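Raw contents of input24.pdb, PDB, N, CA and C atoms and all ligand atoms:
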ATOM      1  N   MET A   1    -142.600-116.441 -93.707
ATOM      2  CA  MET A   1    -143.097-117.455 -92.774
ATOM      3  C   MET A   1    -144.225-116.875 -91.934
ATOM      4  N   THR A   2    -145.293-117.616 -91.878
ATOM      5  CA  THR A   2    -146.460-117.151 -91.135
ATOM      6  C   THR A   2    -146.556-117.857 -89.790
ATOM      7  N   VAL A   3    -146.672-117.075 -88.764
ATOM      8  CA  VAL A   3    -146.863-117.653 -87.436
ATOM      9  C   VAL A   3    -148.320-117.485 -87.051
ATOM     10  N   THR A   4    -148.948-118.608 -86.770
ATOM     11  CA  THR A   4    -150.367-118.540 -86.427
ATOM     12  C   THR A   4    -150.553-118.663 -84.921
ATOM     13  N   THR A   5    -151.475-117.922 -84.405
ATOM     14  CA  THR A   5    -151.776-118.007 -82.977
ATOM     15  C   THR A   5    -153.181-118.561 -82.762
ATOM     16  N   ARG A   6    -153.811-118.957 -83.854
ATOM     17  CA  ARG A   6    -155.183-119.463 -83.716
ATOM     18  C   ARG A   6    -155.173-120.925 -83.303
ATOM     19  N   LYS A   7    -156.252-121.335 -82.666
ATOM     20  CA  LYS A   7    -156.422-122.748 -82.339
ATOM     21  C   LYS A   7    -156.928-123.441 -83.592
ATOM     22  N   ASN A   8    -156.043-124.146 -84.266
ATOM     23  CA  ASN A   8    -156.477-124.736 -85.529
ATOM     24  C   ASN A   8    -156.197-126.224 -85.631
ATOM     25  N   CYS A   9    -155.999-126.874 -84.501
ATOM     26  CA  CYS A   9    -156.026-128.333 -84.491
ATOM     27  C   CYS A   9    -157.328-128.740 -83.809
ATOM     28  N   TYR A  10    -157.832-129.876 -84.224
ATOM     29  CA  TYR A  10    -159.161-130.271 -83.757
ATOM     30  C   TYR A  10    -159.178-131.734 -83.359
ATOM     31  N   CYS A  11    -159.735-132.024 -82.196
ATOM     32  CA  CYS A  11    -159.891-133.396 -81.751
ATOM     33  C   CYS A  11    -161.334-133.822 -81.962
ATOM     34  N   TYR A  12    -161.542-134.757 -82.893
ATOM     35  CA  TYR A  12    -162.895-135.239 -83.173
ATOM     36  C   TYR A  12    -163.462-135.993 -81.973
ATOM     37  N   THR A  13    -162.585-136.653 -81.236
ATOM     38  CA  THR A  13    -163.025-137.460 -80.103
ATOM     39  C   THR A  13    -163.650-136.582 -79.021
ATOM     40  N   CYS A  14    -163.040-135.436 -78.774
ATOM     41  CA  CYS A  14    -163.523-134.530 -77.726
ATOM     42  C   CYS A  14    -164.412-133.425 -78.283
ATOM     43  N   ASP A  15    -164.435-133.278 -79.621
ATOM     44  CA  ASP A  15    -165.197-132.202 -80.252
ATOM     45  C   ASP A  15    -164.698-130.834 -79.766
ATOM     46  N   LYS A  16    -163.356-130.699 -79.730
ATOM     47  CA  LYS A  16    -162.757-129.452 -79.252
ATOM     48  C   LYS A  16    -161.610-129.026 -80.164
ATOM     49  N   TYR A  17    -161.369-127.706 -80.200
ATOM     50  CA  TYR A  17    -160.223-127.168 -80.923
ATOM     51  C   TYR A  17    -159.045-126.977 -79.971
ATOM     52  N   PHE A  18    -157.844-127.160 -80.495
ATOM     53  CA  PHE A  18    -156.643-126.970 -79.685
ATOM     54  C   PHE A  18    -155.613-126.164 -80.466
ATOM     55  N   HIS A  19    -154.780-125.421 -79.718
ATOM     56  CA  HIS A  19    -153.639-124.770 -80.322
ATOM     57  C   HIS A  19    -152.663-125.831 -80.794
ATOM     58  N   TYR A  20    -151.973-125.552 -81.897
ATOM     59  CA  TYR A  20    -151.092-126.588 -82.441
ATOM     60  C   TYR A  20    -149.959-126.948 -81.495
ATOM     61  N   LEU A  21    -149.613-126.070 -80.583
ATOM     62  CA  LEU A  21    -148.581-126.396 -79.597
ATOM     63  C   LEU A  21    -149.136-127.261 -78.463
ATOM     64  N   GLY A  22    -150.441-127.308 -78.334
ATOM     65  CA  GLY A  22    -151.030-128.076 -77.244
ATOM     66  C   GLY A  22    -151.597-129.411 -77.675
ATOM     67  N   ILE A  23    -151.669-129.633 -78.986
ATOM     68  CA  ILE A  23    -152.339-130.836 -79.464
ATOM     69  C   ILE A  23    -151.556-132.099 -79.134
ATOM     70  N   ASN A  24    -150.237-132.027 -79.124
ATOM     71  CA  ASN A  24    -149.453-133.219 -78.796
ATOM     72  C   ASN A  24    -149.648-133.622 -77.335
ATOM     73  N   ARG A  25    -149.760-132.632 -76.487
ATOM     74  CA  ARG A  25    -150.008-132.911 -75.078
ATOM     75  C   ARG A  25    -151.395-133.523 -74.910
ATOM     76  N   HIS A  26    -152.327-133.012 -75.669
ATOM     77  CA  HIS A  26    -153.684-133.549 -75.622
ATOM     78  C   HIS A  26    -153.714-135.002 -76.115
ATOM     79  N   ARG A  27    -152.947-135.266 -77.168
ATOM     80  CA  ARG A  27    -152.867-136.626 -77.699
ATOM     81  C   ARG A  27    -152.268-137.575 -76.647
ATOM     82  N   SER A  28    -151.274-137.087 -75.907
ATOM     83  CA  SER A  28    -150.674-137.889 -74.840
ATOM     84  C   SER A  28    -151.698-138.225 -73.768
ATOM     85  N   MET A  29    -152.606-137.290 -73.525
ATOM     86  CA  MET A  29    -153.654-137.527 -72.539
ATOM     87  C   MET A  29    -154.510-138.709 -72.969
ATOM     88  N   HIS A  30    -154.859-138.750 -74.241
ATOM     89  CA  HIS A  30    -155.644-139.884 -74.742
ATOM     90  C   HIS A  30    -154.828-141.178 -74.630
ATOM     91  N   ARG A  31    -153.552-141.084 -74.923
ATOM     92  CA  ARG A  31    -152.699-142.272 -74.843
ATOM     93  C   ARG A  31    -152.659-142.802 -73.408
ATOM     94  N   ASP A  32    -152.527-141.867 -72.442
ATOM     95  CA  ASP A  32    -152.487-142.272 -71.036
ATOM     96  C   ASP A  32    -153.793-142.912 -70.601
ATOM     97  N   ARG A  33    -154.902-142.450 -71.177
ATOM     98  CA  ARG A  33    -156.214-143.021 -70.845
ATOM     99  C   ARG A  33    -156.527-144.255 -71.685
ATOM    100  N   LYS A  34    -155.637-144.578 -72.617
ATOM    101  CA  LYS A  34    -155.828-145.695 -73.543
ATOM    102  C   LYS A  34    -157.127-145.546 -74.333
ATOM    103  N   GLU A  35    -157.321-144.327 -74.843
ATOM    104  CA  GLU A  35    -158.493-144.036 -75.659
ATOM    105  C   GLU A  35    -158.059-143.848 -77.103
ATOM    106  N   ASP A  36    -158.878-144.313 -78.029
ATOM    107  CA  ASP A  36    -158.640-143.979 -79.429
ATOM    108  C   ASP A  36    -158.953-142.505 -79.620
ATOM    109  N   CYS A  37    -158.225-141.835 -80.508
ATOM    110  CA  CYS A  37    -158.584-140.457 -80.799
ATOM    111  C   CYS A  37    -158.315-140.133 -82.257
ATOM    112  N   ILE A  38    -159.078-139.211 -82.776
ATOM    113  CA  ILE A  38    -158.928-138.756 -84.153
ATOM    114  C   ILE A  38    -158.630-137.269 -84.103
ATOM    115  N   ILE A  39    -157.493-136.884 -84.652
ATOM    116  CA  ILE A  39    -157.046-135.491 -84.553
ATOM    117  C   ILE A  39    -156.786-134.922 -85.936
ATOM    118  N   MET A  40    -157.306-133.719 -86.167
ATOM    119  CA  MET A  40    -157.005-133.005 -87.393
ATOM    120  C   MET A  40    -155.933-131.964 -87.092
ATOM    121  N   TYR A  41    -154.838-132.004 -87.849
ATOM    122  CA  TYR A  41    -153.714-131.113 -87.601
ATOM    123  C   TYR A  41    -153.821-129.826 -88.407
ATOM    124  N   THR A  42    -152.835-128.968 -88.214
ATOM    125  CA  THR A  42    -152.838-127.611 -88.750
ATOM    126  C   THR A  42    -153.143-127.550 -90.240
ATOM    127  N   HIS A  43    -152.573-128.472 -90.989
ATOM    128  CA  HIS A  43    -152.699-128.394 -92.441
ATOM    129  C   HIS A  43    -153.863-129.225 -92.977
ATOM    130  N   GLY A  44    -154.746-129.642 -92.071
ATOM    131  CA  GLY A  44    -155.935-130.353 -92.507
ATOM    132  C   GLY A  44    -155.757-131.856 -92.598
ATOM    133  N   ASP A  45    -154.549-132.343 -92.255
ATOM    134  CA  ASP A  45    -154.351-133.786 -92.281
ATOM    135  C   ASP A  45    -154.925-134.400 -91.001
ATOM    136  N   THR A  46    -155.696-135.446 -91.188
ATOM    137  CA  THR A  46    -156.381-136.079 -90.064
ATOM    138  C   THR A  46    -155.740-137.421 -89.768
ATOM    139  N   LYS A  47    -155.468-137.649 -88.490
ATOM    140  CA  LYS A  47    -154.825-138.907 -88.112
ATOM    141  C   LYS A  47    -155.616-139.602 -87.018
ATOM    142  N   THR A  48    -155.681-140.906 -87.124
ATOM    143  CA  THR A  48    -156.376-141.710 -86.126
ATOM    144  C   THR A  48    -155.347-142.441 -85.276
ATOM    145  N   PHE A  49    -155.472-142.320 -83.961
ATOM    146  CA  PHE A  49    -154.564-143.006 -83.046
ATOM    147  C   PHE A  49    -155.355-144.051 -82.278
ATOM    148  N   ARG A  50    -154.910-145.290 -82.379
ATOM    149  CA  ARG A  50    -155.639-146.382 -81.708
ATOM    150  C   ARG A  50    -154.896-146.777 -80.437
ATOM    151  N   PHE A  51    -155.011-145.905 -79.432
ATOM    152  CA  PHE A  51    -154.293-146.154 -78.177
ATOM    153  C   PHE A  51    -154.944-147.272 -77.367
ATOM    154  N   SER A  52    -156.189-147.597 -77.658
ATOM    155  CA  SER A  52    -156.866-148.628 -76.858
ATOM    156  C   SER A  52    -156.216-149.991 -77.044
ATOM    157  N   LYS A  53    -155.502-150.168 -78.149
ATOM    158  CA  LYS A  53    -154.853-151.450 -78.391
ATOM    159  C   LYS A  53    -153.471-151.528 -77.757
ATOM    160  N   LEU A  54    -152.983-150.421 -77.240
ATOM    161  CA  LEU A  54    -151.648-150.403 -76.651
ATOM    162  C   LEU A  54    -151.592-151.131 -75.323
ATOM    163  N   GLN A  55    -152.737-151.285 -74.665
ATOM    164  CA  GLN A  55    -152.704-151.875 -73.326
ATOM    165  C   GLN A  55    -152.232-153.326 -73.376
ATOM    166  N   VAL A  56    -152.326-153.971 -74.530
ATOM    167  CA  VAL A  56    -151.861-155.348 -74.665
ATOM    168  C   VAL A  56    -150.337-155.396 -74.636
ATOM    169  N   ALA A  57    -149.716-154.383 -75.245
ATOM    170  CA  ALA A  57    -148.265-154.386 -75.355
ATOM    171  C   ALA A  57    -147.673-153.155 -74.665
ATOM    172  N   SER A  58    -147.822-153.077 -73.374
ATOM    173  CA  SER A  58    -147.201-151.985 -72.638
ATOM    174  C   SER A  58    -145.699-152.233 -72.537
ATOM    175  N   ASN A  59    -144.965-151.276 -72.063
ATOM    176  CA  ASN A  59    -143.518-151.438 -71.934
ATOM    177  C   ASN A  59    -143.160-152.604 -71.023
ATOM    178  N   ASP A  60    -143.923-152.782 -69.956
ATOM    179  CA  ASP A  60    -143.652-153.878 -69.034
ATOM    180  C   ASP A  60    -143.761-155.219 -69.740
ATOM    181  N   GLU A  61    -144.805-155.362 -70.536
ATOM    182  CA  GLU A  61    -145.016-156.625 -71.244
ATOM    183  C   GLU A  61    -143.858-156.908 -72.190
ATOM    184  N   VAL A  62    -143.428-155.885 -72.893
ATOM    185  CA  VAL A  62    -142.341-156.063 -73.855
ATOM    186  C   VAL A  62    -141.054-156.480 -73.149
ATOM    187  N   GLU A  63    -140.765-155.839 -72.024
ATOM    188  CA  GLU A  63    -139.534-156.167 -71.292
ATOM    189  C   GLU A  63    -139.576-157.599 -70.757
ATOM    190  N   ARG A  64    -140.734-158.017 -70.295
ATOM    191  CA  ARG A  64    -140.842-159.366 -69.742
ATOM    192  C   ARG A  64    -140.569-160.436 -70.800
ATOM    193  N   ARG A  65    -140.960-160.135 -72.014
ATOM    194  CA  ARG A  65    -140.790-161.118 -73.076
ATOM    195  C   ARG A  65    -139.313-161.410 -73.356
ATOM    196  N   PHE A  66    -138.449-160.424 -73.063
ATOM    197  CA  PHE A  66    -137.040-160.588 -73.402
ATOM    198  C   PHE A  66    -136.204-161.127 -72.243
ATOM    199  N   ILE A  67    -136.850-161.368 -71.115
ATOM    200  CA  ILE A  67    -136.100-161.899 -69.973
ATOM    201  C   ILE A  67    -135.974-163.427 -70.099
TER     202      ILE A  67
HETATM  203 ZN    ZN B 101    -159.368-135.294 -77.467
END
Structure encoded using structure tokens:
Amino acid sequence: MTVTTRKNCYCYTCDKYFHYLGINRHRSMHRDRKEDCIIMYTHGDTKTFRFSKLQVASNDEVERRFI
């Protein structure tokens, strides 16, 4: 098993590299700002997160619908 200490996750949105242990926290930051982000993970898989569309269905909105 290989343990890597290099920063090998990459955020296309910010044009920055992140350590794989920090990338989830960084993704949460985009979610909190309701920004879309594109992140490349350790193994080269790239994922797009469309957080800008979440503002329509926040937790509050969902709860209100069921009352
Ligand atoms: Zn970013």
Nearest to ligand ZN 101 (chain B) by atom-to-atom distance, counting only C-alpha atoms and all ligand atoms, from A:His19, A:His30, A:Arg25, A:Arg6
A:His30
Which residue gives the smallest distance to ligand ZN 101 (chain B) among A:Asp45, A:Lys34, A:Leu21, A:Ile39, with only C-alpha atoms and all ligand atoms counted?
A:Ile39
Per-residue nearest contacts chain A to ligand ZN 101 (chain B), cut-off 5 Å, using all atoms listed in the file, as a tab-separated table:
residue	atom	partner	partner_atom	distance
A:Cys11	CA	B:ZN101	ZN	4.7
A:Thr13	C	B:ZN101	ZN	4.7
A:Cys14	N	B:ZN101	ZN	3.9
So which residues touch Cys37 in chain A within 12 Å, counting only C-alpha atoms, skipping near sequence neighbours fewer than 2 positions away, as a list of chain:residue names?
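After dropping sequence-adjacent residues, the list is A:Tyr10, A:Cys11, A:Tyr12, A:Thr13, A:Cys14, A:Asp15, A:Lys16, A:Ile23, A:Asn24, A:His26, A:Arg27, A:Ser28, A:Met29, A:His30, A:Arg31, A:Asp32, A:Arg33, A:Lys34, A:Glu35, A:Ile39, A:Met40, A:Thr46, A:Lys47, A:Thr48, A:Phe49, A:Arg50, A:Phe51, A:Ser52, A:Lys53.
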Residue set, range 17-48 of chain A restricted to strand (DSSP E), as a list of chain:residue names
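Everything in range 17-48 of chain A that counts as strand (DSSP E) is A:Tyr17, A:Phe18, A:Asp36, A:Cys37, A:Ile38, A:Ile39, A:Met40, A:Thr46, A:Lys47, A:Thr48.
Atom N of Asp36 in chain A to atom N of Lys7 in chain A spans 23.6 Å [interatomic distance, one decimal].
Interatomic distance, atom C of Leu54 in chain A to atom N of Tyr41 in chain A: 23.1 Å.
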If you take every atom of range 25-43 of chain A that the file lists and fit an axis-aligned box around them with 6 Å extra on each side, what centre and edge lengths come out in Å to one decimal, as JSON?
{"center_x": -154.4, "center_y": -136.6, "center_z": -81.8, "size_x": 21.3, "size_y": 30.1, "size_z": 34.4}
